[in-house]
Amino acid sequence: MFLSDCCFYLLKDLLIRDPFQLVFSGLYFQKNIPFSQNNVKKMRIALILAIGQAIDRGFTTFITGMAQGTDIWAAEIVLEKRRTNPALKLICALPHPNFEKPWQADWQARFSEVLRTADLQRTIWPVYAKSSYQKRNIWMVDHSALLIAVFSGKAGGTLNTIHYAQQKHVEIMYADMQSEGFHDPV
């Protein structure tokens, strides 16, 4: 079924690291810290370039944590590219059920559309817990050979994910926001 199509290997009901899987981590949208349209465009260009480079290197399976911002934008780019490259697969790693419920309606709609068209979804923790986000990030890195990071230099989930990827010897590709004139939201 879809597991063999996605190049996954099932071992005790857990996906194991595939050399052609990668994960995204990066800036996320917050209602009180909106991204300017200019910065969203620059972030999207950087993601398109990074995802294109990964595909050129043979990566075919992408894991998204489904957060507002980098995760959903990256997932949408993968789904766009999948239209012309059906070998591409998308896995949605949800930290806990219903984590999108407090979001604005437009983000909930994007979340639902990505989830609907993804090849596989995994809910990492059965209920909300503050630690469920870090557990999701660990799960994603543990199942990836490459991390594409959109990193602002600030402490938080992306920095924790980068540190964990370094510990696990997972390659890190930084989406080049600086050359695009990107400035982190203040």
# chains A, B, ... in the order shown; residues from 1 in each chain; ligands from 1
call {"tool": "residues_around", "arguments": {"residues": "Ile162 (chain A)", "least_positions_apart": "4", "cutoff": "10 Å", "atoms": "only C-alpha atoms", "output": "ChimeraX atom specification"}}
result
/A:25-26,137,141,147-149,151,157-158,166-168,170-172,174
call {"tool": "write_last_selection", "arguments": {"atoms": "N, CA and C atoms", "output": "JSON list (two decimals), in the first residue's frame"}}
result
[["chain", "number", "residue", "atom", "x", "y", "z"],
["A", 25, "SER", "N", 12.16, 22.76, 9.75],
["A", 25, "SER", "CA", 11.96, 23.45, 11.02],
["A", 25, "SER", "C", 12.21, 24.92, 10.76],
["A", 26, "GLY", "N", 11.42, 25.78, 11.39],
["A", 26, "GLY", "CA", 11.66, 27.19, 11.16],
["A", 26, "GLY", "C", 10.70, 28.10, 11.85],
["A", 137, "ASN", "N", 9.36, 17.17, 17.29],
["A", 137, "ASN", "CA", 10.60, 17.55, 16.62],
["A", 137, "ASN", "C", 11.63, 16.43, 16.69],
["A", 141, "VAL", "N", 13.25, 14.42, 13.40],
["A", 141, "VAL", "CA", 14.70, 14.29, 13.17],
["A", 141, "VAL", "C", 15.10, 12.83, 13.15],
["A", 147, "LEU", "N", 17.86, 18.06, 7.61],
["A", 147, "LEU", "CA", 16.98, 19.07, 8.19],
["A", 147, "LEU", "C", 17.15, 20.35, 7.37],
["A", 148, "ILE", "N", 16.04, 20.86, 6.84],
["A", 148, "ILE", "CA", 16.05, 22.19, 6.23],
["A", 148, "ILE", "C", 15.56, 23.16, 7.31],
["A", 149, "ALA", "N", 16.44, 24.07, 7.71],
["A", 149, "ALA", "CA", 16.13, 24.98, 8.81],
["A", 149, "ALA", "C", 16.00, 26.42, 8.31],
["A", 151, "PHE", "N", 16.15, 29.59, 10.14],
["A", 151, "PHE", "CA", 16.57, 29.90, 11.50],
["A", 151, "PHE", "C", 16.88, 31.38, 11.66],
["A", 157, "GLY", "N", 12.16, 26.42, 19.50],
["A", 157, "GLY", "CA", 12.02, 25.07, 18.96],
["A", 157, "GLY", "C", 12.95, 24.78, 17.81],
["A", 158, "THR", "N", 13.17, 25.75, 16.92],
["A", 158, "THR", "CA", 14.06, 25.50, 15.79],
["A", 158, "THR", "C", 15.49, 25.30, 16.27],
["A", 166, "GLN", "N", 22.14, 17.91, 15.19],
["A", 166, "GLN", "CA", 23.60, 17.83, 15.29],
["A", 166, "GLN", "C", 24.02, 16.62, 16.12],
["A", 167, "GLN", "N", 23.35, 16.41, 17.24],
["A", 167, "GLN", "CA", 23.65, 15.25, 18.10],
["A", 167, "GLN", "C", 23.46, 13.94, 17.38],
["A", 168, "LYS", "N", 22.45, 13.89, 16.51],
["A", 168, "LYS", "CA", 22.11, 12.66, 15.78],
["A", 168, "LYS", "C", 22.84, 12.57, 14.44],
["A", 170, "VAL", "N", 22.53, 14.36, 11.81],
["A", 170, "VAL", "CA", 21.65, 14.61, 10.68],
["A", 170, "VAL", "C", 22.15, 15.89, 10.01],
["A", 171, "GLU", "N", 22.34, 15.83, 8.70],
["A", 171, "GLU", "CA", 22.81, 16.99, 7.96],
["A", 171, "GLU", "C", 21.81, 18.13, 8.08],
["A", 172, "ILE", "N", 22.33, 19.36, 8.12],
["A", 172, "ILE", "CA", 21.47, 20.54, 8.23],
["A", 172, "ILE", "C", 21.74, 21.46, 7.04],
["A", 174, "TYR", "N", 20.60, 25.18, 5.80],
["A", 174, "TYR", "CA", 19.93, 26.40, 6.23],
["A", 174, "TYR", "C", 19.35, 27.09, 5.00]]
call {"tool": "closest_atom_pairs", "arguments": {"of": "region 87-122 of chain A", "to": "region 62-77 of chain A", "cutoff": "7 Å", "atoms": "only C-alpha atoms", "output": "tab-separated table"}}
result
residue	atom	partner	partner_atom	distance
A:Lys89	CA	A:Phe62	CA	6.2
A:Leu90	CA	A:Phe62	CA	4.9
A:Ile91	CA	A:Ile63	CA	4.7
A:Cys92	CA	A:Thr64	CA	5.1
A:Ala93	CA	A:Gly65	CA	4.9
A:Leu94	CA	A:Gly65	CA	5.9
A:Trp107	CA	A:Gln68	CA	6.8
A:Phe111	CA	A:Ile72	CA	6.9
A:Val114	CA	A:Glu76	CA	6.8
call {"tool": "select_by_dssp", "arguments": {"residues": "region 78-140 of chain A", "states": "strand (DSSP E or B)", "output": "short mmCIF file (atom, residue, chain, number, x, y, z; two decimals) with C-alpha atoms, in the first residue's frame"}}
result
data_model
loop_
_atom_site.label_atom_id
_atom_site.label_comp_id
_atom_site.auth_asym_id
_atom_site.auth_seq_id
_atom_site.Cartn_x
_atom_site.Cartn_y
_atom_site.Cartn_z
CA LYS A 89 5.82 12.20 -0.64
CA LEU A 90 4.69 14.30 2.32
CA ILE A 91 4.38 13.17 5.94
CA CYS A 92 2.56 15.36 8.46
CA ALA A 93 3.82 14.96 12.04
CA LEU A 94 1.27 16.41 14.45
CA LEU A 120 0.83 9.96 5.67
CA GLN A 121 0.10 11.59 9.01
CA ARG A 122 1.36 10.72 12.46
CA THR A 123 0.12 12.15 15.75
#
call {"tool": "atom_distance", "arguments": {"atom1": "CA of Ala46 (chain A)", "atom2": "CA of Glu80 (chain A)"}}
result
15.3 Å
call {"tool": "closest_residue", "arguments": {"among": "A:Leu159, A:Ala145, A:Ile55, A:Leu49", "to": "Leu22 (chain A)", "atoms": "only C-alpha atoms"}}
result
A:Ala145
call {"tool": "select_by_dssp", "arguments": {"residues": "region 18-177 of chain A", "states": "alpha helix (DSSP H)", "output": "PyMOL selection string"}}
result
chain A and resi 37-56+70-82+105-117+132-142+157-167
call {"tool": "closest_residue", "arguments": {"among": "A:Ala118, A:Val150, A:Val23, A:Ala155", "to": "Ile45 (chain A)", "atoms": "only C-alpha atoms"}}
result
A:Val150
